[in-house]
$ cat coords26.txt   # compact mmCIF, C-alpha atoms
# COMPACT_ATOMS: atom_id res chain seq x y z
CA MET U 1 0.00 0.00 0.00
CA GLY U 2 1.32 3.41 -0.95
CA GLN U 3 2.19 6.01 1.66
CA TYR U 4 -0.63 8.34 0.62
CA ARG U 5 -3.25 5.61 0.93
CA LYS U 6 -1.83 4.37 4.23
CA LYS U 7 -1.87 7.81 5.83
CA ALA U 8 -5.27 8.72 4.38
CA THR U 9 -6.77 5.45 5.65
CA ILE U 10 -5.36 5.84 9.16
CA LEU U 11 -6.52 9.46 9.39
CA SER U 12 -10.01 8.59 8.10
CA ILE U 13 -10.31 5.81 10.66
CA MET U 14 -9.22 8.18 13.43
CA SER U 15 -11.85 10.76 12.47
CA MET U 16 -14.13 11.40 9.53
CA GLY U 17 -12.80 14.03 7.17
CA LEU U 18 -9.15 13.94 8.23
CA GLY U 19 -8.26 11.77 5.24
CA GLN U 20 -9.96 14.23 2.88
CA ILE U 21 -8.17 17.16 4.50
CA TYR U 22 -4.87 15.27 4.10
CA ASN U 23 -5.80 14.80 0.42
CA ARG U 24 -6.25 18.62 0.18
CA GLN U 25 -10.05 18.40 -0.12
CA MET U 26 -10.80 20.90 2.63
CA ILE U 27 -14.52 21.50 2.12
CA LYS U 28 -15.35 17.80 1.76
CA GLY U 29 -13.28 17.05 4.86
CA LEU U 30 -15.08 19.75 6.86
CA VAL U 31 -18.46 18.35 5.78
CA PHE U 32 -17.47 14.90 7.05
CA LEU U 33 -16.15 16.43 10.29
CA LEU U 34 -19.45 18.25 10.85
CA ILE U 35 -21.37 15.00 10.26
CA GLU U 36 -19.22 13.24 12.84
CA ALA U 37 -19.57 16.11 15.34
CA TYR U 38 -23.36 16.01 15.05
CA ALA U 39 -23.31 12.21 15.37
CA ILE U 40 -21.19 12.40 18.54
CA VAL U 41 -23.61 14.87 20.12
CA TYR U 42 -26.66 12.81 19.08
CA PHE U 43 -25.33 9.41 20.13
CA ASN U 44 -23.86 10.78 23.36
CA SER U 45 -27.37 11.60 24.57
CA ASN U 46 -29.31 8.77 22.92
CA LEU U 47 -27.22 5.66 22.28
CA VAL U 48 -26.86 4.40 25.85
CA ARG U 49 -30.58 4.87 26.51
CA ALA U 50 -31.36 3.14 23.20
CA LEU U 51 -29.30 0.09 24.14
CA TRP U 52 -30.88 0.05 27.60
CA GLY U 53 -34.36 0.46 26.14
CA ILE U 54 -34.03 -2.23 23.49
CA VAL U 55 -33.00 -4.70 26.21
CA SER U 56 -35.24 -3.74 29.12
CA LEU U 57 -38.27 -2.02 27.47
CA GLY U 58 -38.46 0.11 30.61
CA ASP U 59 -38.44 -0.69 34.31
CA ALA U 60 -40.80 1.82 35.95
CA PRO U 61 -44.53 1.67 35.10
CA ARG U 62 -46.87 4.57 35.73
CA MET U 63 -47.79 4.70 39.42
CA LYS U 64 -50.37 6.51 41.53
CA VAL U 65 -48.82 8.51 44.37
CA ASP U 66 -50.97 10.58 46.73
CA GLY U 67 -53.89 10.39 44.33
CA LYS U 68 -51.83 11.57 41.36
CA TYR U 69 -50.33 9.56 38.54
CA VAL U 70 -46.55 9.69 38.21
CA ALA U 71 -45.33 9.15 34.67
CA GLY U 72 -43.31 6.00 34.09
CA ASP U 73 -41.65 4.24 31.18
CA HIS U 74 -43.75 3.63 28.08
CA SER U 75 -42.33 0.39 26.68
CA ILE U 76 -43.57 0.92 23.12
CA PHE U 77 -42.28 4.49 22.88
CA ILE U 78 -38.94 3.32 24.25
CA LEU U 79 -38.80 0.53 21.66
CA ILE U 80 -39.57 2.91 18.78
CA GLN U 81 -37.05 5.54 19.95
CA SER U 82 -34.40 2.85 20.42
CA LEU U 83 -35.02 1.51 16.91
CA ILE U 84 -34.68 4.98 15.41
CA THR U 85 -31.40 5.58 17.22
CA LEU U 86 -29.97 2.21 16.17
CA LEU U 87 -30.97 2.79 12.55
CA PHE U 88 -29.23 6.18 12.66
CA LEU U 89 -26.18 4.35 14.02
CA ILE U 90 -26.26 1.98 11.03
CA VAL U 91 -26.51 4.93 8.63
CA PHE U 92 -23.61 6.65 10.40
CA VAL U 93 -21.45 3.52 10.15
CA ILE U 94 -22.18 3.32 6.41
CA ILE U 95 -21.19 6.99 5.97
CA TYR U 96 -18.03 6.34 8.03
CA VAL U 97 -17.04 3.45 5.74
CA MET U 98 -17.75 5.61 2.67
CA ASN U 99 -15.52 8.29 4.15
CA ILE U 100 -12.62 5.80 4.45
CA ARG U 101 -13.14 4.44 0.93
CA ASP U 102 -13.29 7.96 -0.50
CA ALA U 103 -10.04 8.96 1.22
CA ARG U 104 -8.27 5.83 -0.10
CA LYS U 105 -9.58 6.45 -3.62
CA ILE U 106 -8.35 10.03 -3.73
CA ALA U 107 -5.02 9.02 -2.18
CA LEU U 108 -4.56 6.43 -4.95
CA LYS U 109 -5.05 9.17 -7.55
CA ARG U 110 -2.39 11.27 -5.82
CA GLU U 111 0.02 8.33 -5.97
CA GLN U 112 -0.66 8.10 -9.70
CA GLY U 113 0.20 11.79 -10.11
CA GLU U 114 -3.36 13.07 -10.50
CA HIS U 115 -4.74 16.10 -8.70
CA ALA U 116 -7.57 15.63 -6.21
CA ASN U 117 -10.87 17.14 -7.33
CA SER U 118 -12.01 20.33 -5.70
CA PHE U 119 -15.36 20.44 -3.92
CA LEU U 120 -17.09 21.96 -6.96
CA GLN U 121 -15.49 19.37 -9.26
CA SER U 122 -16.69 16.61 -6.92
CA ILE U 123 -20.22 18.01 -7.07
CA ARG U 124 -20.06 18.18 -10.86
CA TYR U 125 -18.76 14.58 -11.02
CA ILE U 126 -21.67 13.39 -8.87
CA LEU U 127 -24.20 15.24 -11.02
CA ASP U 128 -22.70 13.91 -14.26
CA TYR U 129 -21.85 10.31 -13.36
CA LYS U 130 -23.40 9.45 -9.98
CA PHE U 131 -26.67 11.37 -10.20
CA ALA U 132 -28.88 8.27 -9.96
CA GLN U 133 -27.11 6.96 -6.85
CA ALA U 134 -27.17 10.38 -5.19
CA PHE U 135 -30.80 11.01 -6.08
CA LEU U 136 -31.83 7.60 -4.70
CA THR U 137 -30.35 8.43 -1.30
CA LEU U 138 -33.45 10.32 -0.10
CA PRO U 139 -35.95 7.62 -1.20
CA ALA U 140 -33.68 5.01 0.38
CA MET U 141 -33.73 6.88 3.68
CA GLY U 142 -37.50 7.17 3.45
CA ILE U 143 -37.83 3.44 2.83
CA LEU U 144 -35.49 2.72 5.74
CA PHE U 145 -37.45 4.75 8.29
CA PHE U 146 -41.00 4.48 6.95
CA THR U 147 -41.03 0.92 5.58
CA VAL U 148 -38.16 -1.13 6.99
CA MET U 149 -38.42 0.26 10.53
CA PRO U 150 -42.18 -0.50 10.90
CA ILE U 151 -41.52 -4.03 9.64
CA ILE U 152 -38.73 -4.52 12.18
CA PHE U 153 -40.99 -3.02 14.86
CA MET U 154 -43.79 -5.46 13.98
CA VAL U 155 -41.41 -8.41 14.07
CA MET U 156 -40.07 -7.36 17.47
CA LEU U 157 -43.59 -7.02 18.89
CA ALA U 158 -44.18 -10.69 18.13
CA PHE U 159 -41.48 -11.54 20.69
CA THR U 160 -43.10 -9.48 23.46
CA ASN U 161 -46.23 -9.85 25.60
CA TYR U 162 -47.75 -6.57 24.32
CA SER U 163 -51.46 -7.34 24.62
CA ALA U 164 -54.55 -6.46 26.62
CA PRO U 165 -55.40 -6.49 29.44
CA ASN U 166 -52.21 -7.06 31.42
CA HIS U 167 -49.45 -5.54 29.33
CA ILE U 168 -50.67 -2.26 27.83
CA PRO U 169 -48.45 0.79 28.53
CA PRO U 170 -48.19 3.15 30.27
CA ALA U 171 -50.02 1.48 33.16
CA LYS U 172 -48.13 -1.79 32.60
CA LEU U 173 -44.75 -2.59 31.12
CA VAL U 174 -44.07 -4.85 28.14
CA ASP U 175 -41.52 -7.65 28.42
CA TRP U 176 -39.63 -9.87 26.02
CA VAL U 177 -41.07 -13.40 25.97
CA GLY U 178 -39.10 -15.00 23.13
CA PHE U 179 -41.03 -17.49 21.00
CA ASP U 180 -43.91 -17.88 23.49
CA THR U 181 -46.34 -16.03 21.20
CA PHE U 182 -45.57 -18.31 18.24
CA ARG U 183 -45.75 -21.35 20.52
CA ASP U 184 -49.22 -20.29 21.72
CA LEU U 185 -50.34 -19.60 18.15
CA VAL U 186 -49.57 -23.10 16.90
CA SER U 187 -49.96 -25.26 20.00
CA LEU U 188 -52.25 -23.60 22.58
CA LYS U 189 -55.70 -25.01 21.73
CA THR U 190 -57.64 -21.77 22.12
CA TRP U 191 -55.36 -20.06 19.58
CA SER U 192 -54.20 -22.93 17.38
CA HIS U 193 -57.74 -24.03 16.49
CA THR U 194 -58.50 -20.54 15.23
CA PHE U 195 -55.14 -20.15 13.50
CA TYR U 196 -55.32 -23.42 11.55
CA GLY U 197 -58.96 -22.83 10.67
CA VAL U 198 -58.36 -19.30 9.39
CA LEU U 199 -55.14 -20.35 7.62
CA THR U 200 -56.92 -23.20 5.81
CA TRP U 201 -59.73 -20.93 4.63
CA THR U 202 -57.21 -18.25 3.60
CA LEU U 203 -55.40 -20.71 1.31
CA ILE U 204 -58.68 -22.11 -0.08
CA TRP U 205 -59.94 -18.59 -0.70
CA ALA U 206 -56.68 -17.51 -2.38
CA VAL U 207 -56.72 -20.50 -4.75
CA LEU U 208 -60.43 -20.35 -5.63
CA SER U 209 -60.61 -16.58 -6.00
CA THR U 210 -57.50 -16.52 -8.20
CA VAL U 211 -58.53 -19.46 -10.39
CA THR U 212 -62.15 -18.32 -10.85
CA THR U 213 -61.29 -14.73 -11.75
CA TYR U 214 -58.38 -15.68 -14.01
CA PHE U 215 -60.12 -18.39 -16.03
CA GLY U 216 -63.38 -16.46 -15.95
CA GLY U 217 -61.58 -13.49 -17.49
CA LEU U 218 -59.89 -15.85 -19.97
CA LEU U 219 -63.24 -17.29 -21.06
CA VAL U 220 -64.84 -13.86 -21.49
CA ALA U 221 -61.82 -12.51 -23.42
CA LEU U 222 -61.81 -15.50 -25.78
CA LEU U 223 -65.55 -15.19 -26.40
CA ILE U 224 -65.34 -11.47 -27.22
CA ASN U 225 -62.30 -12.09 -29.44
CA GLN U 226 -64.15 -14.60 -31.65
CA LYS U 227 -64.61 -13.59 -35.30
CA GLY U 228 -68.39 -13.84 -35.33
CA ILE U 229 -68.95 -11.54 -32.36
CA LYS U 230 -70.35 -8.12 -33.31
CA PHE U 231 -70.18 -4.91 -31.27
CA LYS U 232 -66.99 -5.99 -29.52
CA GLY U 233 -66.39 -2.49 -28.16
CA LEU U 234 -69.86 -2.49 -26.58
CA TRP U 235 -69.26 -5.87 -24.95
CA ARG U 236 -65.93 -4.70 -23.58
CA THR U 237 -67.55 -1.58 -22.16
CA ILE U 238 -70.39 -3.48 -20.50
CA LEU U 239 -68.14 -6.12 -18.98
CA ILE U 240 -65.67 -3.56 -17.63
CA ILE U 241 -68.32 -1.66 -15.66
CA PRO U 242 -67.88 -3.74 -12.45
CA TYR U 243 -64.20 -2.77 -12.47
CA ALA U 244 -64.93 0.89 -13.27
CA ILE U 245 -67.20 1.23 -10.22
CA PRO U 246 -65.22 1.70 -6.96
CA GLN U 247 -64.84 -1.62 -5.19
CA LEU U 248 -66.12 -0.14 -1.93
CA ILE U 249 -69.46 0.71 -3.54
CA SER U 250 -69.76 -2.64 -5.34
CA LEU U 251 -69.10 -4.68 -2.21
CA LEU U 252 -71.49 -2.67 -0.02
CA VAL U 253 -74.22 -2.97 -2.66
CA MET U 254 -73.61 -6.72 -2.90
CA ARG U 255 -73.79 -6.96 0.88
CA ASN U 256 -77.31 -5.53 0.79
CA MET U 257 -78.32 -7.61 -2.23
CA PHE U 258 -77.39 -10.86 -0.46
CA ASN U 259 -78.97 -9.86 2.85
CA GLY U 260 -81.02 -12.82 4.05
CA GLN U 261 -83.97 -10.75 5.30
CA PHE U 262 -84.55 -7.99 2.77
CA GLY U 263 -82.02 -8.60 0.02
CA PRO U 264 -83.37 -8.71 -3.57
CA VAL U 265 -81.55 -11.97 -4.34
CA ASN U 266 -83.65 -13.92 -1.82
CA GLN U 267 -86.76 -12.03 -2.93
CA TYR U 268 -86.22 -13.23 -6.50
CA ILE U 269 -85.70 -16.79 -5.30
CA GLN U 270 -88.87 -16.67 -3.19
CA TYR U 271 -90.77 -15.26 -6.19
CA PHE U 272 -90.30 -18.66 -7.84
CA GLY U 273 -91.63 -20.47 -4.75
CA LEU U 274 -88.23 -21.44 -3.32
CA ASP U 275 -86.83 -20.77 0.13
CA GLY U 276 -84.21 -18.05 0.42
CA LEU U 277 -80.66 -18.99 1.34
CA PRO U 278 -78.64 -17.72 4.34
CA TRP U 279 -76.06 -16.10 2.08
CA LEU U 280 -74.21 -14.18 4.79
CA THR U 281 -75.26 -15.94 8.00
CA ASP U 282 -74.33 -19.57 7.27
CA PRO U 283 -70.57 -20.39 7.24
CA PHE U 284 -70.73 -22.43 4.01
CA TRP U 285 -72.97 -20.07 2.05
CA ALA U 286 -71.03 -17.03 3.28
CA LYS U 287 -67.86 -18.51 1.77
CA VAL U 288 -69.68 -19.25 -1.49
CA THR U 289 -70.98 -15.68 -1.55
CA VAL U 290 -67.60 -14.01 -1.14
CA ILE U 291 -66.12 -16.16 -3.93
CA VAL U 292 -69.01 -15.37 -6.30
CA VAL U 293 -68.91 -11.64 -5.54
CA ASN U 294 -65.13 -11.62 -5.96
CA MET U 295 -65.64 -13.10 -9.44
CA TRP U 296 -67.95 -10.20 -10.28
CA VAL U 297 -65.28 -7.71 -9.19
CA GLY U 298 -62.17 -9.58 -10.42
CA ILE U 299 -63.09 -11.08 -13.80
CA PRO U 300 -62.98 -7.72 -15.65
CA VAL U 301 -59.35 -7.23 -14.55
CA SER U 302 -58.26 -10.58 -15.97
CA MET U 303 -60.36 -9.99 -19.08
CA ILE U 304 -58.58 -6.70 -19.88
CA LEU U 305 -55.18 -8.25 -19.23
CA ILE U 306 -55.78 -11.32 -21.40
CA MET U 307 -57.39 -9.34 -24.22
CA GLY U 308 -54.24 -7.25 -24.40
CA VAL U 309 -52.15 -10.42 -24.68
CA LEU U 310 -54.41 -11.85 -27.41
CA THR U 311 -53.80 -8.83 -29.61
CA THR U 312 -50.02 -9.43 -29.46
CA ILE U 313 -50.09 -13.06 -30.65
CA PRO U 314 -48.77 -13.10 -34.26
CA ARG U 315 -51.32 -14.21 -36.84
CA ASP U 316 -48.58 -16.25 -38.53
CA MET U 317 -48.61 -18.75 -35.68
CA TYR U 318 -52.30 -19.51 -36.22
CA GLU U 319 -51.82 -19.74 -39.99
CA ALA U 320 -48.96 -22.21 -39.53
CA ALA U 321 -51.14 -24.28 -37.20
CA GLU U 322 -53.98 -24.27 -39.75
CA VAL U 323 -51.59 -25.45 -42.47
CA ASP U 324 -50.63 -28.36 -40.21
CA GLY U 325 -54.32 -29.21 -39.87
CA ALA U 326 -54.77 -28.11 -36.26
CA THR U 327 -58.31 -27.86 -34.90
CA ASN U 328 -59.55 -24.83 -32.98
CA TYR U 329 -58.93 -26.63 -29.69
CA GLN U 330 -55.40 -27.58 -30.77
CA LYS U 331 -54.66 -23.98 -31.78
CA PHE U 332 -55.87 -22.83 -28.37
CA ARG U 333 -53.81 -25.46 -26.52
CA ILE U 334 -50.62 -25.12 -28.59
CA VAL U 335 -50.59 -21.40 -29.46
CA THR U 336 -53.04 -19.30 -27.46
CA MET U 337 -52.76 -20.71 -23.94
CA PRO U 338 -48.93 -20.93 -23.81
CA MET U 339 -48.63 -17.33 -25.03
CA ILE U 340 -51.16 -16.12 -22.46
CA LEU U 341 -49.49 -17.98 -19.61
CA PHE U 342 -46.05 -16.75 -20.67
CA SER U 343 -47.18 -13.13 -20.43
CA THR U 344 -49.49 -13.38 -17.44
CA ALA U 345 -47.84 -15.95 -15.15
CA PRO U 346 -46.04 -13.31 -13.01
CA ILE U 347 -49.29 -11.34 -12.72
CA LEU U 348 -51.18 -14.52 -11.83
CA ILE U 349 -48.72 -15.07 -8.97
CA THR U 350 -49.24 -11.46 -7.90
CA GLN U 351 -53.01 -11.94 -7.94
CA PHE U 352 -52.69 -15.00 -5.72
CA ALA U 353 -50.55 -13.07 -3.25
CA GLY U 354 -53.00 -10.17 -3.39
CA ASN U 355 -55.95 -12.44 -2.69
CA ILE U 356 -54.28 -13.78 0.45
CA ASN U 357 -54.31 -10.16 1.65
CA ASN U 358 -57.65 -9.24 0.03
CA PHE U 359 -58.94 -7.27 3.00
CA ASN U 360 -61.66 -5.33 1.18
CA ALA U 361 -63.51 -8.27 -0.38
CA ILE U 362 -63.94 -9.99 2.97
CA PHE U 363 -64.27 -7.15 5.43
CA LEU U 364 -66.68 -5.01 3.42
CA LEU U 365 -68.88 -7.95 2.40
CA THR U 366 -69.07 -10.09 5.54
CA SER U 367 -66.79 -8.43 8.14
CA GLY U 368 -65.38 -11.92 8.58
CA ASN U 369 -68.72 -13.23 9.83
CA PRO U 370 -70.64 -15.38 10.59
CA VAL U 371 -69.23 -15.87 14.06
CA VAL U 372 -67.72 -19.25 14.93
CA GLY U 373 -68.20 -20.08 18.59
CA ASP U 374 -64.87 -21.77 19.27
CA TYR U 375 -62.75 -19.25 17.32
CA GLN U 376 -60.69 -16.58 19.07
CA TYR U 377 -61.98 -13.23 17.76
CA ALA U 378 -62.47 -14.61 14.21
CA GLY U 379 -65.40 -15.54 11.99
CA ALA U 380 -66.00 -18.19 9.35
CA THR U 381 -64.88 -16.00 6.43
CA ASP U 382 -62.00 -14.21 8.15
CA LEU U 383 -58.67 -14.31 6.35
CA LEU U 384 -55.42 -14.03 8.25
CA VAL U 385 -55.26 -10.33 7.36
CA THR U 386 -58.79 -9.55 8.60
CA TRP U 387 -58.14 -11.60 11.74
CA LEU U 388 -54.97 -9.57 12.25
CA TYR U 389 -57.06 -6.39 11.92
CA LYS U 390 -59.49 -7.57 14.60
CA LEU U 391 -56.71 -8.66 16.93
CA THR U 392 -55.08 -5.25 16.61
CA LEU U 393 -57.88 -2.69 16.60
CA ASP U 394 -60.67 -4.55 18.39
CA GLN U 395 -58.85 -6.72 20.95
CA ASN U 396 -55.44 -5.02 21.43
CA LYS U 397 -53.63 -8.36 21.04
CA TYR U 398 -50.68 -6.73 19.36
CA ASN U 399 -48.15 -9.49 19.94
CA MET U 400 -50.41 -12.17 18.47
CA ALA U 401 -51.31 -9.91 15.53
CA SER U 402 -47.59 -9.39 14.83
CA ALA U 403 -47.03 -13.15 14.85
CA VAL U 404 -49.88 -13.58 12.36
CA GLY U 405 -48.36 -10.84 10.20
CA ILE U 406 -45.03 -12.69 10.14
CA VAL U 407 -46.83 -15.90 9.10
CA ILE U 408 -48.53 -14.02 6.24
CA PHE U 409 -45.18 -12.63 5.09
CA LEU U 410 -43.53 -16.06 5.17
CA ILE U 411 -46.36 -17.61 3.14
CA LEU U 412 -46.38 -14.85 0.52
CA ALA U 413 -42.61 -14.53 0.22
CA SER U 414 -41.94 -18.27 -0.11
CA PHE U 415 -44.79 -18.86 -2.56
CA SER U 416 -44.09 -15.82 -4.72
CA ILE U 417 -40.32 -16.31 -4.97
CA TYR U 418 -40.57 -20.05 -5.63
CA ASN U 419 -43.25 -19.82 -8.31
CA TYR U 420 -41.95 -16.69 -9.99
CA ARG U 421 -38.53 -18.27 -10.47
CA ARG U 422 -40.23 -21.26 -12.16
CA THR U 423 -42.08 -19.18 -14.76
CA LYS U 424 -40.82 -19.19 -18.35
CA SER U 425 -40.79 -15.40 -18.46
CA PHE U 426 -38.31 -15.27 -15.56
CA LYS U 427 -36.12 -18.06 -17.00
CA GLU U 428 -35.92 -16.43 -20.42
CA GLU U 429 -35.16 -13.02 -18.92
CA ASP U 430 -32.41 -14.63 -16.82
CA MET U 431 -30.94 -16.27 -19.95
CA ILE U 432 -30.90 -12.94 -21.78
CA GLN U 433 -29.00 -11.29 -18.95

$ encode --input "coords26.txt" --output "structure tokens"
Amino acid sequence: MGQYRKKATILSIMSMGLGQIYNRQMIKGLVFLLIEAYAIVYFNSNLVRALWGIVSLGDAPRMKVDGKYVAGDHSIFILIQSLITLLFLIVFVIIYVMNIRDARKIALKREQGEHANSFLQSIRYILDYKFAQAFLTLPAMGILFFTVMPIIFMVMLAFTNYSAPNHIPPAKLVDWVGFDTFRDLVSLKTWSHTFYGVLTWTLIWAVLSTVTTYFGGLLVALLINQKGIKFKGLWRTILIIPYAIPQLISLLVMRNMFNGQFGPVNQYIQYFGLDGLPWLTDPFWAKVTVIVVNMWVGIPVSMILIMGVLTTIPRDMYEAAEVDGATNYQKFRIVTMPMILFSTAPILITQFAGNINNFNAIFLLTSGNPVVGDYQYAGATDLLVTWLYKLTLDQNKYNMASAVGIVIFLILASFSIYNYRRTKSFKEEDMIQ
């Protein structure tokens, strides 16, 4: 290692900016020094408390002394503040490493006989050659503190006992309990029965809702695309109306239409002398109802997607199949369906993942009901995500809701990554790269 690089590296390790000052980049060095000075002041007053807080989550609950409440430690606030401080520490460490690498890079140029860039030249170089990386810094910081941090916070809550009625701050403290929450979720009968029941229905719902809307949209798109069909634009317009209407309105209207007492669906059935069905009050019929209504809302989306793919299939492929004597079914099986699946397989996987978390379709239509007597705060049509909502906002079982959220993430991540990597579109893109 050259003398310039050795000295610049040692100085940069001793303090941010010293390596730049040694390399005669005064303004850049002063900027790094100011960053370090601010970091020292910030971490001097926050880092020790953050480390204490992340371990203990507080040790003094709110107490009543002489008829007055004395403020204590709020475990959740302490956890959030500790997380923020530790994330700032990670950012500072990254900047510190960048400072060392920058000093070594400039020192190498000096060894090669080149002059170090001035501050203005460094700015110009960033704008000309590193603009994308520099511009992405702010969004990256936003993602770190507004997306990554809440996820980490949720994961950490799953390892605490943060739940009503005994561990809600500030009256009570929250403690770390390790994997007890997950153990209760899968083995404690009162919780495990609900968890396995809701998980089973969530997977059934995701499969049925995805398959019905996808192949329903495929069927409608193929029918409209037939040569003998007239007024194709009119048919497209009519069939897209359910998608054009806000989903909130459609689901609330459907909820009233399938009402067992005054809903028009049962009135039509009774008009023909038949008994009405308990569409929303019987567990089986409620599940049938949400799947049927989801088809009404979801088929137009698949129809638009597949019709766009159909227009991109070269006519030459069909003509070649006709020359070979292929029937209409054979042309569909050999040409049409493979092309559609090639283009839509990633979106099909996305739709499946979206249906696992399809909060609106369930909550607005049935609110997760009808109630199941031996379920913990869940109904017959509740998905994991709607159950999580009830556990959080209705029951204040935050630790159990966080554990359910982690389970949802594991299911979606493993399924999506595994199946996406098996699609032809991913394999061909990987081969091109």

$ closest_residue --input "coords26.txt" --among "U:Ile95, U:Ala116, U:Met154, U:Ile21" --to "Leu83 (chain U)" --atoms "only C-alpha atoms"
U:Met154

$ closest_residue --input "coords26.txt" --among "U:Met400, U:Leu223, U:Ile76, U:Lys28" --to "Arg183 (chain U)" --atoms "all atoms listed in the file"
U:Met400

$ closest_residue --input "coords26.txt" --among "U:Asn396, U:Gln261, U:Leu120, U:Ala206" --to "Ile411 (chain U)" --atoms "only C-alpha atoms"
U:Ala206

$ atom_distance --input "coords26.txt" --atom1 "CA of Ala401 (chain U)" --atom2 "CA of Trp387 (chain U)"
8.0 Å

$ closest_residue --input "coords26.txt" --among "U:Thr344, U:Thr181, U:Thr289, U:Thr137" --to "Asn369 (chain U)" --atoms "all atoms listed in the file"
U:Thr289

$ atom_distance --input "coords26.txt" --atom1 "CA of Arg255 (chain U)" --atom2 "CA of Ala361 (chain U)"
10.4 Å

$ atom_distance --input "coords26.txt" --atom1 "CA of Gly113 (chain U)" --atom2 "CA of Ile100 (chain U)"
20.3 Å

$ residues_near_point --input "coords26.txt" --point "(-53.4, -18.6, -25.1)" --cutoff "12 Å" --atoms "only C-alpha atoms" --output "VMD selection string"
chain U and resid 215 218 to 219 221 to 222 225 306 to 314 317 to 318 328 to 345

$ build_atoms --input "coords26.txt" --residues "region 41-53 of chain U" --atoms "N, CA, C and O atoms" --output "compact mmCIF listing (two decimals), in the frame of the given file"
# COMPACT_ATOMS: atom_id res chain seq x y z
N VAL U 41 -22.66 14.21 19.23
CA VAL U 41 -23.61 14.87 20.12
C VAL U 41 -24.90 14.04 20.23
O VAL U 41 -25.43 13.83 21.34
N TYR U 42 -25.40 13.57 19.09
CA TYR U 42 -26.66 12.81 19.08
C TYR U 42 -26.52 11.49 19.83
O TYR U 42 -27.34 11.17 20.70
N PHE U 43 -25.49 10.72 19.51
CA PHE U 43 -25.33 9.41 20.13
C PHE U 43 -24.91 9.51 21.59
O PHE U 43 -25.21 8.61 22.38
N ASN U 44 -24.25 10.60 21.97
CA ASN U 44 -23.86 10.78 23.36
C ASN U 44 -25.08 10.86 24.27
O ASN U 44 -25.04 10.41 25.42
N SER U 45 -26.16 11.43 23.76
CA SER U 45 -27.37 11.60 24.57
C SER U 45 -28.42 10.53 24.32
O SER U 45 -29.39 10.45 25.08
N ASN U 46 -28.25 9.72 23.27
CA ASN U 46 -29.31 8.77 22.92
C ASN U 46 -28.87 7.31 22.86
O ASN U 46 -29.70 6.42 23.09
N LEU U 47 -27.61 7.04 22.56
CA LEU U 47 -27.22 5.66 22.28
C LEU U 47 -27.30 4.76 23.51
O LEU U 47 -27.82 3.64 23.44
N VAL U 48 -26.82 5.23 24.64
CA VAL U 48 -26.86 4.40 25.85
C VAL U 48 -28.30 4.09 26.24
O VAL U 48 -28.64 2.94 26.57
N ARG U 49 -29.16 5.09 26.18
CA ARG U 49 -30.58 4.87 26.51
C ARG U 49 -31.23 3.93 25.50
O ARG U 49 -32.07 3.10 25.85
N ALA U 50 -30.79 4.03 24.22
CA ALA U 50 -31.36 3.14 23.20
C ALA U 50 -30.98 1.68 23.48
O ALA U 50 -31.82 0.78 23.39
N LEU U 51 -29.73 1.45 23.83
CA LEU U 51 -29.30 0.09 24.14
C LEU U 51 -30.00 -0.44 25.39
O LEU U 51 -30.40 -1.61 25.45
N TRP U 52 -30.15 0.44 26.39
CA TRP U 52 -30.88 0.05 27.60
C TRP U 52 -32.34 -0.25 27.26
O TRP U 52 -32.92 -1.25 27.71
N GLY U 53 -32.95 0.62 26.45
CA GLY U 53 -34.36 0.46 26.14
C GLY U 53 -34.65 -0.77 25.32
O GLY U 53 -35.65 -1.46 25.55
